[in-house]
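Chemist: Handing over query_27.pdb, PDB, C-alpha atoms.
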```pdb
ATOM      1  CA  MET D 888     122.037  64.194  99.062
ATOM      2  CA  LYS D 889     120.327  61.844  96.629
ATOM      3  CA  PHE D 890     117.371  62.572  94.423
ATOM      4  CA  SER D 891     114.897  60.070  93.075
ATOM      5  CA  GLU D 892     114.306  59.685  89.364
ATOM      6  CA  SER D 893     110.849  61.226  89.773
ATOM      7  CA  GLU D 894     112.485  64.349  91.232
ATOM      8  CA  ILE D 895     115.160  64.576  88.524
ATOM      9  CA  GLN D 896     113.047  63.737  85.468
ATOM     10  CA  PRO D 897     111.156  67.075  85.303
ATOM     11  CA  LEU D 898     114.499  68.922  85.259
ATOM     12  CA  TRP D 899     115.834  66.766  82.402
ATOM     13  CA  ASP D 900     112.566  67.357  80.565
ATOM     14  CA  GLU D 901     113.129  71.127  80.870
ATOM     15  CA  VAL D 902     116.744  70.761  79.696
ATOM     16  CA  SER D 903     115.555  68.746  76.687
ATOM     17  CA  HIS D 904     112.952  71.404  75.957
ATOM     18  CA  ILE D 905     115.629  74.136  76.066
ATOM     19  CA  ILE D 906     117.801  72.197  73.593
ATOM     20  CA  GLY D 907     114.806  71.570  71.335
ATOM     21  CA  ASP D 908     113.890  75.256  71.351
ATOM     22  CA  ALA D 909     117.489  76.122  70.445
ATOM     23  CA  VAL D 910     117.391  73.725  67.483
ATOM     24  CA  ILE D 911     114.134  75.286  66.282
ATOM     25  CA  GLN D 912     115.526  78.824  66.623
ATOM     26  CA  LEU D 913     118.742  77.978  64.771
ATOM     27  CA  HIS D 914     116.759  76.266  62.009
ATOM     28  CA  HIS D 915     114.370  79.228  61.810
ATOM     29  CA  HIS D 916     117.339  81.561  61.299
ATOM     30  CA  GLY D 917     118.842  79.277  58.638
ATOM     31  CA  LYS D 918     121.819  78.234  60.728
ATOM     32  CA  SER D 919     123.183  74.727  61.096
ATOM     33  CA  PHE D 920     122.374  73.059  64.373
ATOM     34  CA  ASN D 921     125.350  70.949  65.315
ATOM     35  CA  ALA D 922     126.536  70.667  68.912
ATOM     36  CA  GLU D 923     128.984  73.571  68.555
ATOM     37  CA  GLU D 924     126.307  75.943  67.233
ATOM     38  CA  LEU D 925     123.892  74.841  69.957
ATOM     39  CA  VAL D 926     126.477  75.436  72.685
ATOM     40  CA  GLY D 927     127.180  78.897  71.294
ATOM     41  CA  TYR D 928     123.487  79.761  71.115
ATOM     42  CA  LEU D 929     122.807  78.512  74.647
ATOM     43  CA  THR D 930     125.918  80.255  76.009
ATOM     44  CA  HIS D 931     124.609  83.514  74.563
ATOM     45  CA  GLN D 932     121.237  82.915  76.244
ATOM     46  CA  LEU D 933     123.036  82.160  79.509
ATOM     47  CA  SER D 934     124.862  85.487  79.356
ATOM     48  CA  GLU D 935     121.590  87.366  78.911
ATOM     49  CA  THR D 936     119.520  85.908  81.756
ATOM     50  CA  GLN D 937     119.582  86.731  85.442
ATOM     51  CA  GLN D 938     117.071  84.057  86.509
ATOM     52  CA  VAL D 939     118.855  81.499  88.660
ATOM     53  CA  LYS D 940     116.717  78.515  87.626
ATOM     54  CA  ARG D 941     117.092  79.379  83.943
ATOM     55  CA  ARG D 942     120.869  79.754  84.346
ATOM     56  CA  VAL D 943     121.119  76.335  86.014
ATOM     57  CA  LEU D 944     119.049  74.676  83.283
ATOM     58  CA  LEU D 945     121.007  76.384  80.502
ATOM     59  CA  GLY D 946     124.260  75.315  82.172
ATOM     60  CA  ALA D 947     123.010  71.717  82.341
ATOM     61  CA  ALA D 948     122.049  71.817  78.654
ATOM     62  CA  ILE D 949     125.449  73.230  77.681
ATOM     63  CA  ASN D 950     127.290  70.634  79.758
ATOM     64  CA  MET D 951     125.186  67.834  78.270
ATOM     65  CA  LEU D 952     126.020  68.948  74.743
ATOM     66  CA  LYS D 953     129.712  69.402  75.525
ATOM     67  CA  THR D 954     129.930  65.989  77.201
ATOM     68  CA  ASN D 955     128.212  64.233  74.279
ATOM     69  CA  ARG D 956     130.419  66.075  71.782
ATOM     70  CA  MET D 957     133.572  64.955  73.615
ATOM     71  CA  ARG D 958     132.415  61.306  73.632
ATOM     72  CA  ASN D 959     131.769  61.195  69.885
TER      73      ASN D 959
END
```
In structure tokens, how does this file's structure come out?

Modeler:
Amino acid sequence: MKFSESEIQPLWDEVSHIIGDAVIQLHHHGKSFNAEELVGYLTHQLSETQQVKRRVLLGAAINMLKTNRMRN
């Protein structure tokens, strides 16, 4: 099954929004916001939600951060 870019883009926008919100929350609480801190914060959010869509988006955000961290 293939998806067009117009179908995928709204999901990536939501993932980006989730990461941005995490950065804001970490900054608000005076914590550093490197990839490791972001992954930890998002993993905690993942453990607290039962909403399937939210879990999928959080998982995508976590995987994106982990993948980028491994490349650098």

Chemist: Can you measure CA of Ile895 (chain D) to CA of Met951 (chain D) for me? One decimal in Å is fine.

Modeler: 14.7 Å

Chemist: Might you pull out every residue within 12 Å of Arg941 (chain D), with only C-alpha atoms counted and same-chain residues fewer than 2 positions away left off, and present them as a ChimeraX atom specification?

Modeler: /D:898,901-902,905,929-930,932-939,943-948

Chemist: Using all atoms listed in the file, which residues sit within 8 Å of region 917-926 of chain D once same-chain residues fewer than 2 positions away are excluded, as a PyMOL selection string?

Modeler: chain D and resi 906+909-910+913-915+928-930+949+952-953+956

Chemist: Can you measure CA of Glu894 (chain D) to CA of Ile911 (chain D) for me? One decimal in Å is fine.

Modeler: 27.3 Å

Chemist: Could you tell me how far CA of Glu892 (chain D) lies from CA of His904 (chain D), in Å and to one decimal?

Modeler: 17.9 Å
